[in-house]
Amino acid sequence: MLRTCLAVLCVALFALVPTAIAQDCNGDGLPESQQIGVQGLTAQYFANRTWSGPPAAVQIDLTGSGGFDLFNWPLPAGVPQDLFSVRWTGSINFSTTGLFQFRVSSDDGYRLYLDGVLIGASEGNIGNQVVPAVPINVTAGVHYLRLELREDFGEQRMRLERKQSTSTTWNVISNSNFLAGADRDANGTLDVCQFGDCNANFVPDSVDIANAPSIDCNGNGTLDTCEDPSNDCDGNGIPESCETTGGGLAGFYFATPDFTGPVSVRRRDAMGPLGLDFNVTQEGFNDWQPAGIPTDNFSARWVGSLIVPASGQYDFELRSDDVGELVIDGAPIVATNNSTEERGPFFLSAGQHFITVSFREFGGDQRVRVRWRVSGQSSWQPIPGSAFIPRYDGNADGLNDACESGDCNGNQMPDGLELSLGLVNDCDGDGTLDACEVASGAPDCNDNLVPDACEASVSGLFGRYFVRLGSSNPANPYQPGQLLAARRDSNVAFSNSFWMPAGVPYDEFIVVWTGSITAGPESGVWSFRTDSDDGARLTIDGTTVIDGWLGDSGIRTGSITLQAGVTYDLKLEYHDGIGGQYCVLGWSPPSASGAPVFTAVPSTALRVATPDCNANGILDDCDIASGSLPDPGFGIPVPCTAGPACPADLNSDGVIDGADLGSLLTQWGCASSCSADLDASGTVDGADLGVMLTSWGSCP
């Protein structure tokens, strides 16, 4: 009897499991049973303007008599009167075959899809917009409908009408033409659940493929973006088997304006004769960004290879609204900010070059276009899709470099290529980017993206890039806000625009470079110069050498006494307002002090590591990070400020006395890494004793 009861119970539970799973097979928030055969449209309401996150409410709209003409209708509980969005999905019936158009009146922005194809959209409040501009052929029967409304402020309206091209009369679409879920074969299962909807656009995948065969490049019935990961080793949404044919670039779309957060959509773009040319359509709305990407405040990056037909000089043109940038082989070519810019000539050898086009959209129209020409020619030409390949094979072994060397930092550029171009650092030479080693747990006590094990050997400066904030403090009106990016810069010799890392705005940012500088082979007064737009401030060993923080663009100079071969703490601050961005740090040795000859401070004189002023074997900024030394703000620890500025103060107590003399005598004759080698002669001897006695007493 017990066995029988258990068997019955197991059967009952087994029967319940698939039912529970299938209740909401398409994940729209309603069970199938409430959608199949039910008049109206499934409405997902979001308590935000971007259709993001879980919906605040889900219900069936348009259930009664009348038509799709909503005006200030009652909103479900949990949905605000303003700053919300709604998505209606389901099916619409056409009683006859013919050429049709829709007319939309909305407050505010909307998007209208028929069978997964965007046929109309608007950025704001519109009345009676006819879409598409040219009537489309629609067969009699059930079609998949998706309509999205973004509400800003004020009234809420959505009216949807249609007419055949042979008619002059517009009719509001009756509610009886809508079903909350499409089940064409009437088998009791939603079509999207029966035939698959891997891209979650509320349309069966087979319909998507029929409308755009290119999204299933290998013809296996699976959308490229939904392929098994083993068939897409670089994760660009294109199966490896298709990347060498058809041209185009791999597009990565972010639902944020600064490439932060996960990639929301991957797709193949720029395949046609116009290449990468996304523009506002003649109907006056933007319709090129993929579903799931907000109308405003998004970003996109296109990567792959540019095939140059013949070696020579080329010019490039970039048009964007808002911020765009074109980079070839890691070198910035041209950038724009809501404008069209032309740059060149650039020499490019025949063959394959890695290309990246980045685009950031904030508000209004969405435009991005790249064109080229052979230098000397008058007319610009589109770069056709056939000149692109959505992958890079720099070693010509037939394999995708991103799959061979990886892309551990997720910037869609093969790690091996970044290393070969010197764009990233691998201080221990193991083939893994330093930043990726740190991300994987390698010790990095000062959070500068360089493993502690080899930090002292890494040249350059560590740059932190911030939003520039205003302040009510007249002495320091510019303050760093949100940290946007961090990277190692080999030196500060940025003489043109658009050198900032991805995610940093065109204007209104601050950079703080920290590290150390080692004086050249001369002791004495070294001169320094900043050439910047806008302000800059240079601090060496806690001494402000140049202070042009409150000024605009210009050249500023200053000087400081440095001992040959001695390493000093360095901090360079730079802020940019509106317009151009450039910052160059130069120096001139004591021998040229009468008429300084400035050259950019070379990378070999710079280290991302700060000194070890208290001689405890730990970098100063690591002492700061651990709390063992106070942090004065991107600078040298307070207890050590006297040390490097007073070389004979060997114990850094601010006074040159018997304790320092004892340390010098202990090192007498030392010829390697000797802190008491005050004249940098290579040996601790009588000359060093003379330097100490001359400076006996309190440090200045």
# chains A, B, ... in the order shown; residues from 1 in each chain; ligands from 1
$ select_by_dssp --residues "region 250-430 of chain A" --states "alpha helix (DSSP H)" --output "list in words"
Asp401, Ala402, Cys403, Glu404, Ser405, Asp415, Gly416, Leu417, Glu418, Leu419 and Ser420 of chain A
$ select_by_dssp --residues "region 116-213 of chain A" --states "strand (DSSP E or B)" --output "PyMOL selection string"
chain A and resi 117-122+126-138+141-151+157-164+171-172+174+178-179+181
$ write_last_selection --atoms "N, CA and C atoms" --output "tab-separated table (two decimals), in the first residue's frame"
chain	number	residue	atom	x	y	z
A	117	VAL	N	10.47	42.95	-37.31
A	117	VAL	CA	11.12	43.99	-38.10
A	117	VAL	C	10.65	45.36	-37.62
A	118	LEU	N	11.60	46.23	-37.29
A	118	LEU	CA	11.27	47.59	-36.86
A	118	LEU	C	10.74	48.37	-38.05
A	119	ILE	N	9.50	48.82	-37.98
A	119	ILE	CA	8.92	49.56	-39.10
A	119	ILE	C	8.62	51.01	-38.76
A	120	GLY	N	8.74	51.39	-37.48
A	120	GLY	CA	8.51	52.78	-37.12
A	120	GLY	C	9.05	53.07	-35.74
A	121	ALA	N	9.51	54.32	-35.54
A	121	ALA	CA	10.04	54.73	-34.25
A	121	ALA	C	10.08	56.24	-34.18
A	122	SER	N	10.10	56.76	-32.97
A	122	SER	CA	10.23	58.19	-32.75
A	122	SER	C	10.95	58.42	-31.44
A	126	ILE	N	5.02	62.59	-30.74
A	126	ILE	CA	4.67	62.76	-32.16
A	126	ILE	C	3.18	62.53	-32.34
A	127	GLY	N	2.66	63.08	-33.40
A	127	GLY	CA	1.25	62.88	-33.72
A	127	GLY	C	1.09	62.44	-35.16
A	128	ASN	N	0.38	61.34	-35.35
A	128	ASN	CA	0.04	60.86	-36.69
A	128	ASN	C	1.27	60.68	-37.59
A	129	GLN	N	2.22	59.90	-37.11
A	129	GLN	CA	3.38	59.56	-37.93
A	129	GLN	C	3.07	58.30	-38.74
A	130	VAL	N	3.25	58.39	-40.06
A	130	VAL	CA	2.95	57.27	-40.95
A	130	VAL	C	4.21	56.44	-41.15
A	131	VAL	N	4.11	55.13	-40.88
A	131	VAL	CA	5.25	54.23	-41.02
A	131	VAL	C	4.78	52.90	-41.60
A	132	PRO	N	5.64	52.22	-42.37
A	132	PRO	CA	6.86	52.80	-42.95
A	132	PRO	C	6.51	53.78	-44.06
A	133	ALA	N	7.52	54.51	-44.57
A	133	ALA	CA	7.27	55.52	-45.59
A	133	ALA	C	6.71	54.89	-46.86
A	134	VAL	N	7.19	53.69	-47.19
A	134	VAL	CA	6.69	52.96	-48.35
A	134	VAL	C	5.85	51.80	-47.85
A	135	PRO	N	4.61	51.64	-48.33
A	135	PRO	CA	3.76	50.55	-47.84
A	135	PRO	C	4.44	49.19	-48.00
A	136	ILE	N	4.19	48.30	-47.04
A	136	ILE	CA	4.77	46.97	-47.06
A	136	ILE	C	3.69	45.93	-47.33
A	137	ASN	N	4.11	44.86	-47.98
A	137	ASN	CA	3.17	43.78	-48.29
A	137	ASN	C	2.98	42.90	-47.06
A	138	VAL	N	1.72	42.71	-46.69
A	138	VAL	CA	1.38	41.87	-45.55
A	138	VAL	C	0.37	40.83	-46.00
A	141	GLY	N	-3.77	36.88	-42.34
A	141	GLY	CA	-3.51	35.95	-41.25
A	141	GLY	C	-2.88	36.63	-40.05
A	142	VAL	N	-2.33	35.81	-39.16
A	142	VAL	CA	-1.78	36.27	-37.89
A	142	VAL	C	-0.31	36.67	-38.05
A	143	HIS	N	0.05	37.84	-37.50
A	143	HIS	CA	1.43	38.32	-37.52
A	143	HIS	C	1.83	38.74	-36.11
A	144	TYR	N	3.13	38.71	-35.84
A	144	TYR	CA	3.65	39.02	-34.51
A	144	TYR	C	3.82	40.52	-34.37
A	145	LEU	N	3.28	41.08	-33.28
A	145	LEU	CA	3.32	42.52	-33.04
A	145	LEU	C	4.07	42.82	-31.76
A	146	ARG	N	4.85	43.87	-31.81
A	146	ARG	CA	5.54	44.37	-30.62
A	146	ARG	C	5.56	45.89	-30.70
A	147	LEU	N	5.06	46.53	-29.67
A	147	LEU	CA	4.98	47.98	-29.63
A	147	LEU	C	5.49	48.45	-28.27
A	148	GLU	N	6.44	49.39	-28.29
A	148	GLU	CA	7.04	49.90	-27.06
A	148	GLU	C	6.80	51.39	-26.95
A	149	LEU	N	6.47	51.84	-25.75
A	149	LEU	CA	6.24	53.25	-25.48
A	149	LEU	C	7.11	53.68	-24.31
A	150	ARG	N	7.78	54.83	-24.47
A	150	ARG	CA	8.57	55.42	-23.39
A	150	ARG	C	7.89	56.70	-22.93
A	151	GLU	N	7.50	56.75	-21.68
A	151	GLU	CA	6.82	57.93	-21.15
A	151	GLU	C	7.79	58.79	-20.35
A	157	ARG	N	-0.09	58.84	-24.15
A	157	ARG	CA	-0.95	58.52	-25.29
A	157	ARG	C	-0.28	57.47	-26.16
A	158	MET	N	-1.11	56.55	-26.67
A	158	MET	CA	-0.67	55.64	-27.72
A	158	MET	C	-1.89	55.27	-28.56
A	159	ARG	N	-1.85	55.69	-29.82
A	159	ARG	CA	-2.91	55.33	-30.76
A	159	ARG	C	-2.28	54.66	-31.96
A	160	LEU	N	-2.84	53.54	-32.38
A	160	LEU	CA	-2.30	52.76	-33.49
A	160	LEU	C	-3.40	52.56	-34.52
A	161	GLU	N	-3.13	53.03	-35.75
A	161	GLU	CA	-4.08	52.92	-36.87
A	161	GLU	C	-3.39	52.20	-38.02
A	162	ARG	N	-4.20	51.74	-38.98
A	162	ARG	CA	-3.65	51.13	-40.20
A	162	ARG	C	-4.61	51.36	-41.36
A	163	LYS	N	-4.06	51.20	-42.55
A	163	LYS	CA	-4.88	51.26	-43.76
A	163	LYS	C	-4.14	50.58	-44.89
A	164	GLN	N	-4.91	50.09	-45.86
A	164	GLN	CA	-4.32	49.57	-47.09
A	164	GLN	C	-3.98	50.74	-48.00
A	171	ASN	N	-8.00	53.75	-39.93
A	171	ASN	CA	-8.87	53.16	-38.93
A	171	ASN	C	-8.06	52.75	-37.71
A	172	VAL	N	-8.52	53.17	-36.52
A	172	VAL	CA	-7.91	52.68	-35.30
A	172	VAL	C	-8.10	51.16	-35.26
A	174	SER	N	-8.95	47.72	-34.19
A	174	SER	CA	-9.88	47.21	-33.19
A	174	SER	C	-9.19	46.22	-32.26
A	178	PHE	N	-6.41	41.70	-31.93
A	178	PHE	CA	-5.21	41.36	-31.17
A	178	PHE	C	-5.43	40.09	-30.35
A	179	LEU	N	-4.36	39.32	-30.21
A	179	LEU	CA	-4.32	38.20	-29.29
A	179	LEU	C	-3.09	38.35	-28.41
A	181	GLY	N	-1.24	36.20	-27.13
A	181	GLY	CA	-0.19	35.25	-27.46
A	181	GLY	C	-0.51	34.57	-28.77
$ residues_around --residues "region 276-278 of chain A" --least-positions-apart "3" --cutoff "12 Å" --atoms "only C-alpha atoms" --output "PDB file with N, CA and C atoms, in the first residue's frame"
ATOM      1  N   GLY A 247      32.098  39.436 -45.131  1.00  0.00           N
ATOM      2  CA  GLY A 247      32.550  40.762 -44.736  1.00  0.00           C
ATOM      3  C   GLY A 247      31.886  41.267 -43.470  1.00  0.00           C
ATOM      4  N   GLY A 248      32.005  42.592 -43.237  1.00  0.00           N
ATOM      5  CA  GLY A 248      31.394  43.220 -42.086  1.00  0.00           C
ATOM      6  C   GLY A 248      32.291  43.217 -40.862  1.00  0.00           C
ATOM      7  N   LEU A 249      31.781  43.793 -39.798  1.00  0.00           N
ATOM      8  CA  LEU A 249      32.480  43.894 -38.518  1.00  0.00           C
ATOM      9  C   LEU A 249      31.616  43.303 -37.414  1.00  0.00           C
ATOM     10  N   ALA A 250      32.245  42.889 -36.337  1.00  0.00           N
ATOM     11  CA  ALA A 250      31.516  42.412 -35.172  1.00  0.00           C
ATOM     12  C   ALA A 250      31.119  43.618 -34.330  1.00  0.00           C
ATOM     13  N   GLY A 251      29.830  43.747 -34.058  1.00  0.00           N
ATOM     14  CA  GLY A 251      29.326  44.869 -33.280  1.00  0.00           C
ATOM     15  C   GLY A 251      28.990  44.455 -31.864  1.00  0.00           C
ATOM     16  N   ARG A 268      26.475  41.114 -36.272  1.00  0.00           N
ATOM     17  CA  ARG A 268      27.345  41.451 -37.396  1.00  0.00           C
ATOM     18  C   ARG A 268      26.787  42.678 -38.089  1.00  0.00           C
ATOM     19  N   ASP A 269      27.626  43.676 -38.289  1.00  0.00           N
ATOM     20  CA  ASP A 269      27.219  44.936 -38.910  1.00  0.00           C
ATOM     21  C   ASP A 269      28.140  45.267 -40.077  1.00  0.00           C
ATOM     22  N   ALA A 270      27.802  46.359 -40.765  1.00  0.00           N
ATOM     23  CA  ALA A 270      28.651  46.933 -41.826  1.00  0.00           C
ATOM     24  C   ALA A 270      28.932  45.950 -42.947  1.00  0.00           C
ATOM     25  N   MET A 271      27.935  45.173 -43.351  1.00  0.00           N
ATOM     26  CA  MET A 271      28.142  44.156 -44.376  1.00  0.00           C
ATOM     27  C   MET A 271      27.819  44.651 -45.784  1.00  0.00           C
ATOM     28  N   GLY A 272      27.063  45.728 -45.898  1.00  0.00           N
ATOM     29  CA  GLY A 272      26.600  46.180 -47.200  1.00  0.00           C
ATOM     30  C   GLY A 272      27.599  47.054 -47.936  1.00  0.00           C
ATOM     31  N   PRO A 273      27.201  47.591 -49.093  1.00  0.00           N
ATOM     32  CA  PRO A 273      28.115  48.414 -49.896  1.00  0.00           C
ATOM     33  C   PRO A 273      28.514  49.722 -49.233  1.00  0.00           C
ATOM     34  N   THR A 281      17.220  57.981 -40.624  1.00  0.00           N
ATOM     35  CA  THR A 281      16.539  57.673 -41.878  1.00  0.00           C
ATOM     36  C   THR A 281      15.757  58.863 -42.392  1.00  0.00           C
ATOM     37  N   PHE A 285      13.587  59.177 -38.002  1.00  0.00           N
ATOM     38  CA  PHE A 285      13.808  58.497 -36.731  1.00  0.00           C
ATOM     39  C   PHE A 285      14.988  57.560 -36.850  1.00  0.00           C
ATOM     40  N   ASN A 286      15.465  57.133 -35.702  1.00  0.00           N
ATOM     41  CA  ASN A 286      16.631  56.258 -35.649  1.00  0.00           C
ATOM     42  C   ASN A 286      16.154  54.813 -35.588  1.00  0.00           C
ATOM     43  N   ASP A 287      16.685  53.978 -36.452  1.00  0.00           N
ATOM     44  CA  ASP A 287      16.155  52.620 -36.494  1.00  0.00           C
ATOM     45  C   ASP A 287      17.230  51.558 -36.655  1.00  0.00           C
ATOM     46  N   TRP A 288      18.487  51.901 -36.384  1.00  0.00           N
ATOM     47  CA  TRP A 288      19.528  50.923 -36.681  1.00  0.00           C
ATOM     48  C   TRP A 288      20.039  50.164 -35.465  1.00  0.00           C
ATOM     49  N   GLN A 289      19.851  50.693 -34.267  1.00  0.00           N
ATOM     50  CA  GLN A 289      20.370  49.983 -33.108  1.00  0.00           C
ATOM     51  C   GLN A 289      19.507  48.746 -32.850  1.00  0.00           C
ATOM     52  N   PRO A 290      20.095  47.671 -32.339  1.00  0.00           N
ATOM     53  CA  PRO A 290      19.336  46.431 -32.145  1.00  0.00           C
ATOM     54  C   PRO A 290      18.319  46.542 -31.025  1.00  0.00           C
ATOM     55  N   ALA A 300      28.460  51.618 -28.502  1.00  0.00           N
ATOM     56  CA  ALA A 300      28.702  50.485 -29.391  1.00  0.00           C
ATOM     57  C   ALA A 300      30.158  50.511 -29.833  1.00  0.00           C
ATOM     58  N   ARG A 301      30.673  49.310 -30.065  1.00  0.00           N
ATOM     59  CA  ARG A 301      32.052  49.189 -30.555  1.00  0.00           C
ATOM     60  C   ARG A 301      32.073  48.131 -31.657  1.00  0.00           C
ATOM     61  N   TRP A 302      32.653  48.495 -32.801  1.00  0.00           N
ATOM     62  CA  TRP A 302      32.761  47.573 -33.922  1.00  0.00           C
ATOM     63  C   TRP A 302      34.231  47.211 -34.122  1.00  0.00           C
ATOM     64  N   VAL A 303      34.530  45.935 -34.230  1.00  0.00           N
ATOM     65  CA  VAL A 303      35.916  45.488 -34.337  1.00  0.00           C
ATOM     66  C   VAL A 303      36.035  44.436 -35.435  1.00  0.00           C
ATOM     67  N   LEU A 306      40.420  45.517 -41.330  1.00  0.00           N
ATOM     68  CA  LEU A 306      40.277  46.336 -42.526  1.00  0.00           C
ATOM     69  C   LEU A 306      41.275  45.820 -43.545  1.00  0.00           C
ATOM     70  N   GLU A 317      37.482  59.797 -42.868  1.00  0.00           N
ATOM     71  CA  GLU A 317      36.443  60.719 -42.418  1.00  0.00           C
ATOM     72  C   GLU A 317      35.525  59.974 -41.452  1.00  0.00           C
ATOM     73  N   LEU A 318      35.236  60.621 -40.328  1.00  0.00           N
ATOM     74  CA  LEU A 318      34.337  60.042 -39.335  1.00  0.00           C
ATOM     75  C   LEU A 318      33.258  61.060 -39.002  1.00  0.00           C
ATOM     76  N   ARG A 319      32.025  60.613 -39.086  1.00  0.00           N
ATOM     77  CA  ARG A 319      30.889  61.445 -38.694  1.00  0.00           C
ATOM     78  C   ARG A 319      30.161  60.752 -37.561  1.00  0.00           C
ATOM     79  N   SER A 320      29.807  61.509 -36.526  1.00  0.00           N
ATOM     80  CA  SER A 320      29.114  60.875 -35.410  1.00  0.00           C
ATOM     81  C   SER A 320      28.239  61.875 -34.681  1.00  0.00           C
ATOM     82  N   ASP A 321      27.226  61.338 -34.034  1.00  0.00           N
ATOM     83  CA  ASP A 321      26.378  62.064 -33.095  1.00  0.00           C
ATOM     84  C   ASP A 321      25.973  61.038 -32.036  1.00  0.00           C
ATOM     85  N   LEU A 326      37.852  56.380 -34.333  1.00  0.00           N
ATOM     86  CA  LEU A 326      38.368  55.357 -35.237  1.00  0.00           C
ATOM     87  C   LEU A 326      39.819  55.080 -34.886  1.00  0.00           C
ATOM     88  N   ILE A 355      40.947  47.048 -36.849  1.00  0.00           N
ATOM     89  CA  ILE A 355      40.188  48.302 -36.820  1.00  0.00           C
ATOM     90  C   ILE A 355      39.178  48.262 -35.680  1.00  0.00           C
ATOM     91  N   THR A 356      39.047  49.385 -35.007  1.00  0.00           N
ATOM     92  CA  THR A 356      38.047  49.559 -33.958  1.00  0.00           C
ATOM     93  C   THR A 356      37.341  50.887 -34.180  1.00  0.00           C
ATOM     94  N   VAL A 357      36.022  50.857 -34.197  1.00  0.00           N
ATOM     95  CA  VAL A 357      35.224  52.080 -34.253  1.00  0.00           C
ATOM     96  C   VAL A 357      34.352  52.087 -33.004  1.00  0.00           C
ATOM     97  N   SER A 358      34.484  53.141 -32.202  1.00  0.00           N
ATOM     98  CA  SER A 358      33.708  53.265 -30.974  1.00  0.00           C
ATOM     99  C   SER A 358      32.718  54.406 -31.112  1.00  0.00           C
ATOM    100  N   PHE A 359      31.550  54.220 -30.512  1.00  0.00           N
ATOM    101  CA  PHE A 359      30.485  55.222 -30.630  1.00  0.00           C
ATOM    102  C   PHE A 359      29.747  55.328 -29.306  1.00  0.00           C
ATOM    103  N   ASP A 365      19.625  62.470 -32.089  1.00  0.00           N
ATOM    104  CA  ASP A 365      19.865  61.568 -33.217  1.00  0.00           C
ATOM    105  C   ASP A 365      21.037  60.638 -32.950  1.00  0.00           C
ATOM    106  N   GLN A 366      21.108  59.567 -33.756  1.00  0.00           N
ATOM    107  CA  GLN A 366      22.186  58.586 -33.655  1.00  0.00           C
ATOM    108  C   GLN A 366      22.805  58.415 -35.041  1.00  0.00           C
ATOM    109  N   ARG A 367      24.018  58.916 -35.184  1.00  0.00           N
ATOM    110  CA  ARG A 367      24.703  58.821 -36.469  1.00  0.00           C
ATOM    111  C   ARG A 367      26.136  58.355 -36.253  1.00  0.00           C
ATOM    112  N   VAL A 368      26.592  57.478 -37.105  1.00  0.00           N
ATOM    113  CA  VAL A 368      28.011  57.139 -37.132  1.00  0.00           C
ATOM    114  C   VAL A 368      28.317  56.629 -38.540  1.00  0.00           C
ATOM    115  N   ARG A 369      29.352  57.208 -39.138  1.00  0.00           N
ATOM    116  CA  ARG A 369      29.708  56.852 -40.511  1.00  0.00           C
ATOM    117  C   ARG A 369      31.215  56.965 -40.681  1.00  0.00           C
ATOM    118  N   VAL A 370      31.808  55.972 -41.357  1.00  0.00           N
ATOM    119  CA  VAL A 370      33.236  55.974 -41.632  1.00  0.00           C
ATOM    120  C   VAL A 370      33.437  55.883 -43.144  1.00  0.00           C
ATOM    121  N   ARG A 371      34.262  56.788 -43.680  1.00  0.00           N
ATOM    122  CA  ARG A 371      34.598  56.745 -45.113  1.00  0.00           C
ATOM    123  C   ARG A 371      36.099  56.950 -45.280  1.00  0.00           C
ATOM    124  N   TRP A 372      36.605  56.687 -46.491  1.00  0.00           N
ATOM    125  CA  TRP A 372      38.027  56.850 -46.757  1.00  0.00           C
ATOM    126  C   TRP A 372      38.250  57.300 -48.186  1.00  0.00           C
ATOM    127  N   GLN A 381      34.824  57.988 -50.210  1.00  0.00           N
ATOM    128  CA  GLN A 381      34.130  56.764 -50.599  1.00  0.00           C
ATOM    129  C   GLN A 381      33.787  55.960 -49.350  1.00  0.00           C
ATOM    130  N   PRO A 382      32.619  55.307 -49.349  1.00  0.00           N
ATOM    131  CA  PRO A 382      32.337  54.410 -48.219  1.00  0.00           C
ATOM    132  C   PRO A 382      33.311  53.239 -48.214  1.00  0.00           C
ATOM    133  N   ILE A 383      33.636  52.759 -47.040  1.00  0.00           N
ATOM    134  CA  ILE A 383      34.434  51.537 -46.935  1.00  0.00           C
ATOM    135  C   ILE A 383      33.450  50.376 -47.033  1.00  0.00           C
ATOM    136  N   PRO A 384      33.420  49.661 -48.131  1.00  0.00           N
ATOM    137  CA  PRO A 384      32.382  48.637 -48.312  1.00  0.00           C
ATOM    138  C   PRO A 384      32.547  47.484 -47.334  1.00  0.00           C
ATOM    139  N   GLY A 385      31.450  46.796 -47.091  1.00  0.00           N
ATOM    140  CA  GLY A 385      31.490  45.657 -46.189  1.00  0.00           C
ATOM    141  C   GLY A 385      32.485  44.605 -46.615  1.00  0.00           C
ATOM    142  N   SER A 386      32.735  44.503 -47.914  1.00  0.00           N
ATOM    143  CA  SER A 386      33.686  43.507 -48.414  1.00  0.00           C
ATOM    144  C   SER A 386      35.122  43.821 -48.020  1.00  0.00           C
ATOM    145  N   ALA A 387      35.387  45.061 -47.559  1.00  0.00           N
ATOM    146  CA  ALA A 387      36.735  45.431 -47.117  1.00  0.00           C
ATOM    147  C   ALA A 387      36.949  45.128 -45.642  1.00  0.00           C
ATOM    148  N   PHE A 388      35.924  44.575 -44.988  1.00  0.00           N
ATOM    149  CA  PHE A 388      36.013  44.224 -43.573  1.00  0.00           C
ATOM    150  C   PHE A 388      35.960  42.712 -43.391  1.00  0.00           C
TER     151      PHE A 388
END
$ residues_around --residues "region 466-482 of chain A" --least-positions-apart "3" --cutoff "12 Å" --atoms "only C-alpha atoms" --output "ChimeraX atom specification"
/A:463,485-486,500-501,503-513,534-537,547-551,573-578,633-634
$ atom_distance --atom1 "CA of Ile540 (chain A)" --atom2 "CA of Gly662 (chain A)"
28.3 Å
$ atom_distance --atom1 "CA of Gln59 (chain A)" --atom2 "CA of Ala77 (chain A)"
10.9 Å
$ closest_residue --among "A:Glu325, A:Trp51, A:Ser440, A:Cys25" --to "Gly196 (chain A)" --atoms "only C-alpha atoms"
A:Cys25
